[in-house]
Every structure is written in C-alpha cells, then in structure tokens.
Amino acid sequence: MMKKILVTGGAGYIGSHTTLLLLQAGFDVLVLDNFCNSKPEALNRVSRLAGRSPHIIEGDIRNYDLLNQLFSDYSIDSVIHFAGLKAVGESVIKPLDYYDNNVLGSLTLLQAMAHANVTNIVFSSSATVYGDPQSVPISEDFPLSATNPYGASKLHIEVMLQDLCRADPNWRIAILRYFNPAGAHESGLIGEDPNGMPNNLMPFIAQVAVGNLKELSIFGNDFDTRDGTGVRDYIHVMDLAEGHLAALIALDHHKLITCNLGTGRGYSVLDMVRAFEVACGKQLPYRIVERRLGDIAESYTDPTHAKAMINWLPRRGLEDICIDHWRWQQMNPNGY
Ligand code: NAD
Ligand code: UDP
C-alpha cells in the first residue's frame, strides 16, 4: 500500500511542485486548499504532468469538523503543511488575519491530527525566524526572533510543534526553514502566480521581463554587501520540493528535525537582475529606490545540517532558476 499524504495548501506555489513530486514518487496525495491564494488550474496541470491526480478537497484548515471528517474518510500517514498566508507587508497591516490563518489554522490541524492519531508532519517555516542575523551563513542554532507578524506566526507554530514533540513521543515533526524559493517546474506548466502586484523579487523581475510591469524598483543600494543591494539565498522550487520528500523519509529515523533549506550561496538583487537578463535575452529596466522597511542586508544558509539530517542538497543553480522561471512566465504571461 502506498502511503497517503495530506498536503495542506497543495495548490500553492511550493505545494503544487511538491504534490507533483509526491505523485511521481508513487504516493497517494490528498490536497486541502481554500484557494485564497491559488487556482484549481495549478492542480489540473500537476495531474497532467504526473499522469495521475491528487484527491482535492476545497476547504479551510481552520475547519475542525472538516478535518475530522477528512481524517476519518482517508487513512492518512503524514501531513505536509503549507497552508497559510505569507505576505510580510500585509501581515503588518492585518496581524489578526495572520494569527488566525497561520497559528489558529495550524493549531486546528494539529488537534485534528492528534484526534485521528496521525502524528507525522512536515511544516513550512521560514528563514524569517532568524530576524536580522548577526552573521552569515545562518545555521539552525542561531537565535530566533520575529520582526513582523508573519514571522511571529511562524515562530509561534514552531514552538507549538516543539512542545508537542516533547509531550508525546509518538509525534514525528520536521520544521523546514525555507530561504528564498524561486524558479518553476522545468515543463513551464506550473510556477508562481502571485495575486496582483508581486511582493517578491523573482516574480517581479519575471513580470518586468514579460512586459506586464514597467520597471523593477530595487529597495536600496546602500546595504553592507558586495554591491550594496540585498543578498539572499535563492533556492529552486524543485529542490525545495525534493527537500520535503527527503524530510518525510528522514522522519523514519528522527523525532524532531529542524532544517534550513537553502543553497548556501548568496546573490544580490543586481546579481539576480543580470542572471535573469541572460536567461530572457533582454535588458531589464530598474530604478534604485528607498530601502523597504524591515529588510535585512544579507541572508544565506549553512547547508551542512540539512545534508546531515535529511540527506538533501540542492542540485540546481542560479541559471536553472532563471531559465525555468522565465519559461513559466513566458508560457503563462498572465499566470494560470
Ligand atoms: P502560496 O500562497 O502559493 O500557497 C499557500 C496555499 O495555502 C495557497 O494555495 C492558499 O490558497 C492556501 N491556504 C492559505 N490559507 C489557507 C487556509 N486557511 N486553509 C486552506 N488553505 C489555505 O505560498 P507558498 O509560497 O507556496 O508557501 C507555502 C508555505 O511556505 C507557506 O506556509 C509560506 O509561509 C511558507 N514559506 C514560503 C516562502 C516563499 O517565499 N514562498 C518562504 C518561506 C516560507
Ligand atoms: N527586492 C527588491 N525589489 C522588489 C522586491 C524585492 O529590491 O521589488 C529585494 C529585497 O529588498 C531583498 C530581495 O530583493 O533584498 C529579496 O526580496 P524578497 O521579497 O523576494 O524576499 P525576502 O525579503 O523575504 O528575503
């Protein structure tokens, strides 16, 4: 019998790529998504690529009765939990929405899991839990802090998961702290499709390249970095998806896994613009503007712990990220 995985938020950017890999690896997948930040078409494309479909339930992780029903209808082995809100700026304006969706949503999910005796979970955390790190590369034992409600929501959920693990030895929990997901599946059929104006760098650059947006605003060139622009660790979304499969497997041997998922390499905003220009064969207009509130200078991981814990290393580089992101954007200029 193939294992059955519940993927919350499985229609979203990272969730759709992970769902595809799970299906290709032979898992049965049940996706629970309320489509507040995604479209059902993403899952049609996933099914087309995999040659088989996930079960799809449209619903909310805050709905305890629905979750109970779901756990009793399907015999689920593990949960990969992506569902949540992720826009940092919006979280400052609407903090309660973030605590509701992310913290209450995760709590409700964990309660339903406990009730059903499903005690395996892989959780999407974020490098934002390191706040403004004192140095780079960032390893997992660095101090944690939150600089906005989104980050605080991730920290609260991490604490909840750790407490649960301590209280009940049956639980097996992987906390994955993603650095900056980018790129798309190499088919160009699935990718990131943000609602309205993109908040993140890569989708913004891609939409400038395809002509949807006039120019990129670079948020500051006076940081203490090589060229003054912010440095981040961009990780190919397919590498990230592979990290989830690796974590699932590693949970057979570990009760609590806390891992950074990144490449260990930092690229500046200008590095990203230049690499994307090569991939798309166009010059991309940009303007230097004020720093964005709360942005840090530099963030990249030390990947050695992830290698040791879950036996995972990213395989794709900056060029793959840009080529694949561009293919997706070109084939789908207006998203799904
Ligand atoms: P996404 O918005 O594309 O996907 C999230 C999915 O969850 C969407 O399909 C959305 O409709 C669904 N969803 C949201 N709230 C829900 C709810 N209450 N009930 C059911 N479904 C709900 O985001 P993503 O980029 O794929 O991110 C996935 C996870 O990874 C999130 O938890 C995010 O915080 C985390 N993360 C993302 C990044 C990033 O830069 N993309 C970085 C670090 C961590
Ligand atoms: N950035 C930028 N212009 C944009 C979006 C982002 O200059 O329109 C910069 C941002 O200041 C940061 C980097 O690009 O240095 C990555 O930003 P993103 O929002 O993608 O990720 P995060 O800030 O969460 O690491």
# chains A, B, ... in the order shown; residues from 1 in each chain; ligands from 1
>>> residues_around(residues="A:Ile321", least_positions_apart="5", cutoff="8 Å", atoms="only C-alpha atoms", output="PyMOL selection string")
chain A and resi 182-184+235-236+316
>>> write_last_selection(atoms="C-alpha atoms", output="mmCIF file, in the first residue's frame")
data_model
loop_
_atom_site.group_PDB
_atom_site.id
_atom_site.type_symbol
_atom_site.label_atom_id
_atom_site.label_comp_id
_atom_site.auth_asym_id
_atom_site.auth_seq_id
_atom_site.Cartn_x
_atom_site.Cartn_y
_atom_site.Cartn_z
ATOM 1 C CA ALA A 182 12.315 30.749 -6.884
ATOM 2 C CA GLY A 183 12.075 29.154 -10.323
ATOM 3 C CA ALA A 184 9.444 26.767 -11.629
ATOM 4 C CA ILE A 235 16.556 28.035 -3.869
ATOM 5 C CA HIS A 236 14.955 26.303 -6.865
ATOM 6 C CA ARG A 316 20.028 23.359 -9.303
#
>>> residues_near_ligand(ligand="ligand 2", cutoff="7 Å", atoms="only C-alpha atoms and all ligand atoms", output="list in words")
Asn180, Asn199, Asn200, Leu201, Met202, Phe204, Leu216, Ser217, Ile218, Phe219, Gly220, Thr229, Gly230, Val231, Arg232, Val269, Arg291, Arg292, Asp295 and Ala297 of chain A
>>> residues_near_ligand(ligand="ligand 1", cutoff="9 Å", atoms="only C-alpha atoms and all ligand atoms", output="MDAnalysis selection string")
chainID A and resid 8:17 32:40 58:63 81:87 100:102 104:106 123:128 150:151 154 176:182 192:194 200 237
>>> select_by_dssp(residues="stretch 64-102 of chain A", states="strand (DSSP E or B)", output="PyMOL selection string")
chain A and resi 78-81
>>> closest_residue(among="A:Val278, A:Ala308, A:Leu23, A:Ile80", to="A:Pro54", atoms="only C-alpha atoms")
A:Leu23
>>> select_by_dssp(residues="stretch 70-203 of chain A", states="alpha helix (DSSP H)", output="VMD selection string")
chain A and resid 70 to 73 88 to 93 95 to 98 105 to 116 149 to 167 201 to 203
>>> residues_around(residues="A:Thr263", least_positions_apart="5", cutoff="10 Å", atoms="only C-alpha atoms", output="VMD selection string")
chain A and resid 179 to 180 233 to 236 239 to 240 300 to 304 313 to 318
>>> atom_distance(atom1="atom CA of A:Ile257", atom2="atom CA of A:Met160")
14.1 Å
>>> closest_residue(among="A:Ala275, A:Ile205, A:Ile157, A:Val129", to="A:Thr108", atoms="only C-alpha atoms")
A:Ile157
>>> closest_residue(among="A:Pro133, A:Pro203, A:Pro333, A:Gly89", to="A:Phe276", atoms="only C-alpha atoms")
A:Pro203
>>> decode(residues="stretch 70-107 of chain A", atoms="N, CA, C and O atoms", output="mmCIF file, in the first residue's frame")
data_model
loop_
_atom_site.group_PDB
_atom_site.id
_atom_site.type_symbol
_atom_site.label_atom_id
_atom_site.label_comp_id
_atom_site.auth_asym_id
_atom_site.auth_seq_id
_atom_site.Cartn_x
_atom_site.Cartn_y
_atom_site.Cartn_z
ATOM 1 N N LEU A 70 -12.230 14.388 7.185
ATOM 2 C CA LEU A 70 -11.190 14.011 6.227
ATOM 3 C C LEU A 70 -10.275 12.899 6.779
ATOM 4 O O LEU A 70 -9.971 11.924 6.109
ATOM 5 N N PHE A 71 -9.875 13.063 8.038
ATOM 6 C CA PHE A 71 -9.004 12.040 8.642
ATOM 7 C C PHE A 71 -9.756 10.731 8.847
ATOM 8 O O PHE A 71 -9.136 9.675 8.880
ATOM 9 N N SER A 72 -11.085 10.803 8.989
ATOM 10 C CA SER A 72 -11.788 9.525 9.154
ATOM 11 C C SER A 72 -12.104 8.896 7.800
ATOM 12 O O SER A 72 -12.153 7.672 7.671
ATOM 13 N N ASP A 73 -12.265 9.713 6.745
ATOM 14 C CA ASP A 73 -12.557 9.163 5.408
ATOM 15 C C ASP A 73 -11.323 8.560 4.739
ATOM 16 O O ASP A 73 -11.435 7.638 3.946
ATOM 17 N N TYR A 74 -10.182 9.159 4.983
ATOM 18 C CA TYR A 74 -8.950 8.713 4.311
ATOM 19 C C TYR A 74 -7.960 8.276 5.376
ATOM 20 O O TYR A 74 -7.824 8.938 6.397
ATOM 21 N N SER A 75 -7.243 7.191 5.125
ATOM 22 C CA SER A 75 -6.253 6.810 6.134
ATOM 23 C C SER A 75 -4.925 7.472 5.784
ATOM 24 O O SER A 75 -4.174 7.013 4.925
ATOM 25 N N ILE A 76 -4.700 8.590 6.430
ATOM 26 C CA ILE A 76 -3.552 9.432 6.107
ATOM 27 C C ILE A 76 -2.353 9.054 6.969
ATOM 28 O O ILE A 76 -2.490 8.847 8.183
ATOM 29 N N ASP A 77 -1.191 8.942 6.332
ATOM 30 C CA ASP A 77 0.028 8.585 7.065
ATOM 31 C C ASP A 77 0.773 9.821 7.570
ATOM 32 O O ASP A 77 1.301 9.812 8.675
ATOM 33 N N SER A 78 0.879 10.835 6.709
ATOM 34 C CA SER A 78 1.646 12.027 7.074
ATOM 35 C C SER A 78 0.994 13.269 6.489
ATOM 36 O O SER A 78 0.258 13.182 5.504
ATOM 37 N N VAL A 79 1.321 14.393 7.090
ATOM 38 C CA VAL A 79 0.808 15.674 6.604
ATOM 39 C C VAL A 79 1.993 16.551 6.210
ATOM 40 O O VAL A 79 2.988 16.623 6.937
ATOM 41 N N ILE A 80 1.895 17.180 5.044
ATOM 42 C CA ILE A 80 2.838 18.259 4.702
ATOM 43 C C ILE A 80 2.011 19.539 4.719
ATOM 44 O O ILE A 80 1.029 19.665 3.981
ATOM 45 N N HIS A 81 2.415 20.452 5.575
ATOM 46 C CA HIS A 81 1.553 21.594 5.898
ATOM 47 C C HIS A 81 2.102 22.913 5.346
ATOM 48 O O HIS A 81 2.933 23.558 5.966
ATOM 49 N N PHE A 82 1.576 23.276 4.153
ATOM 50 C CA PHE A 82 1.981 24.530 3.509
ATOM 51 C C PHE A 82 0.979 25.655 3.753
ATOM 52 O O PHE A 82 1.329 26.824 3.572
ATOM 53 N N ALA A 83 -0.282 25.306 4.048
ATOM 54 C CA ALA A 83 -1.349 26.318 4.023
ATOM 55 C C ALA A 83 -1.065 27.448 4.997
ATOM 56 O O ALA A 83 -0.720 27.215 6.150
ATOM 57 N N GLY A 84 -1.210 28.666 4.514
ATOM 58 C CA GLY A 84 -1.016 29.830 5.366
ATOM 59 C C GLY A 84 -0.882 31.065 4.517
ATOM 60 O O GLY A 84 -0.797 30.983 3.287
ATOM 61 N N LEU A 85 -0.877 32.203 5.176
ATOM 62 C CA LEU A 85 -0.670 33.478 4.480
ATOM 63 C C LEU A 85 0.798 33.840 4.611
ATOM 64 O O LEU A 85 1.437 33.537 5.610
ATOM 65 N N LYS A 86 1.351 34.536 3.588
ATOM 66 C CA LYS A 86 2.811 34.701 3.573
ATOM 67 C C LYS A 86 3.319 36.099 3.221
ATOM 68 O O LYS A 86 4.513 36.280 3.042
ATOM 69 N N ALA A 87 2.415 37.068 3.107
ATOM 70 C CA ALA A 87 2.888 38.402 2.696
ATOM 71 C C ALA A 87 3.280 39.231 3.921
ATOM 72 O O ALA A 87 2.424 39.613 4.727
ATOM 73 N N VAL A 88 4.572 39.495 4.042
ATOM 74 C CA VAL A 88 5.100 40.192 5.220
ATOM 75 C C VAL A 88 4.415 41.542 5.430
ATOM 76 O O VAL A 88 3.935 41.856 6.525
ATOM 77 N N GLY A 89 4.343 42.348 4.362
ATOM 78 C CA GLY A 89 3.766 43.700 4.465
ATOM 79 C C GLY A 89 2.316 43.650 4.900
ATOM 80 O O GLY A 89 1.873 44.406 5.780
ATOM 81 N N GLU A 90 1.555 42.740 4.295
ATOM 82 C CA GLU A 90 0.134 42.598 4.639
ATOM 83 C C GLU A 90 -0.020 42.178 6.101
ATOM 84 O O GLU A 90 -0.965 42.581 6.784
ATOM 85 N N SER A 91 0.944 41.375 6.588
ATOM 86 C CA SER A 91 0.837 40.894 7.970
ATOM 87 C C SER A 91 0.973 42.028 8.983
ATOM 88 O O SER A 91 0.447 41.957 10.091
ATOM 89 N N VAL A 92 1.685 43.105 8.591
ATOM 90 C CA VAL A 92 1.835 44.252 9.476
ATOM 91 C C VAL A 92 0.508 45.015 9.554
ATOM 92 O O VAL A 92 0.123 45.523 10.607
ATOM 93 N N ILE A 93 -0.213 45.030 8.433
ATOM 94 C CA ILE A 93 -1.479 45.769 8.368
ATOM 95 C C ILE A 93 -2.632 44.947 8.945
ATOM 96 O O ILE A 93 -3.539 45.486 9.570
ATOM 97 N N LYS A 94 -2.581 43.633 8.724
ATOM 98 C CA LYS A 94 -3.678 42.759 9.186
ATOM 99 C C LYS A 94 -3.134 41.626 10.051
ATOM 100 O O LYS A 94 -3.256 40.450 9.685
ATOM 101 N N PRO A 95 -2.529 41.958 11.211
ATOM 102 C CA PRO A 95 -1.886 40.902 12.012
ATOM 103 C C PRO A 95 -2.848 39.793 12.426
ATOM 104 O O PRO A 95 -2.464 38.623 12.427
ATOM 105 N N LEU A 96 -4.102 40.165 12.733
ATOM 106 C CA LEU A 96 -5.022 39.133 13.238
ATOM 107 C C LEU A 96 -5.316 38.082 12.171
ATOM 108 O O LEU A 96 -5.491 36.904 12.485
ATOM 109 N N ASP A 97 -5.362 38.500 10.908
ATOM 110 C CA ASP A 97 -5.572 37.522 9.826
ATOM 111 C C ASP A 97 -4.444 36.498 9.804
ATOM 112 O O ASP A 97 -4.656 35.324 9.497
ATOM 113 N N TYR A 98 -3.229 36.965 10.113
ATOM 114 C CA TYR A 98 -2.071 36.068 10.076
ATOM 115 C C TYR A 98 -2.079 35.114 11.261
ATOM 116 O O TYR A 98 -1.781 33.929 11.120
ATOM 117 N N TYR A 99 -2.428 35.626 12.452
ATOM 118 C CA TYR A 99 -2.519 34.723 13.604
ATOM 119 C C TYR A 99 -3.663 33.731 13.413
ATOM 120 O O TYR A 99 -3.569 32.568 13.804
ATOM 121 N N ASP A 100 -4.741 34.201 12.783
ATOM 122 C CA ASP A 100 -5.895 33.339 12.562
ATOM 123 C C ASP A 100 -5.544 32.217 11.568
ATOM 124 O O ASP A 100 -5.663 31.029 11.880
ATOM 125 N N ASN A 101 -5.115 32.608 10.369
ATOM 126 C CA ASN A 101 -4.811 31.607 9.325
ATOM 127 C C ASN A 101 -3.650 30.711 9.708
ATOM 128 O O ASN A 101 -3.710 29.494 9.543
ATOM 129 N N ASN A 102 -2.579 31.319 10.185
ATOM 130 C CA ASN A 102 -1.350 30.551 10.369
ATOM 131 C C ASN A 102 -1.333 29.843 11.724
ATOM 132 O O ASN A 102 -1.150 28.621 11.777
ATOM 133 N N VAL A 103 -1.522 30.598 12.805
ATOM 134 C CA VAL A 103 -1.394 29.981 14.138
ATOM 135 C C VAL A 103 -2.644 29.159 14.458
ATOM 136 O O VAL A 103 -2.553 27.960 14.736
ATOM 137 N N LEU A 104 -3.821 29.786 14.401
ATOM 138 C CA LEU A 104 -5.046 29.034 14.700
ATOM 139 C C LEU A 104 -5.233 27.896 13.690
ATOM 140 O O LEU A 104 -5.638 26.791 14.065
ATOM 141 N N GLY A 105 -4.934 28.166 12.426
ATOM 142 C CA GLY A 105 -5.056 27.125 11.397
ATOM 143 C C GLY A 105 -4.172 25.928 11.719
ATOM 144 O O GLY A 105 -4.610 24.780 11.652
ATOM 145 N N SER A 106 -2.913 26.190 12.086
ATOM 146 C CA SER A 106 -2.000 25.080 12.400
ATOM 147 C C SER A 106 -2.444 24.363 13.666
ATOM 148 O O SER A 106 -2.378 23.133 13.755
ATOM 149 N N LEU A 107 -2.881 25.128 14.660
ATOM 150 C CA LEU A 107 -3.363 24.522 15.912
ATOM 151 C C LEU A 107 -4.541 23.583 15.630
ATOM 152 O O LEU A 107 -4.590 22.452 16.118
#
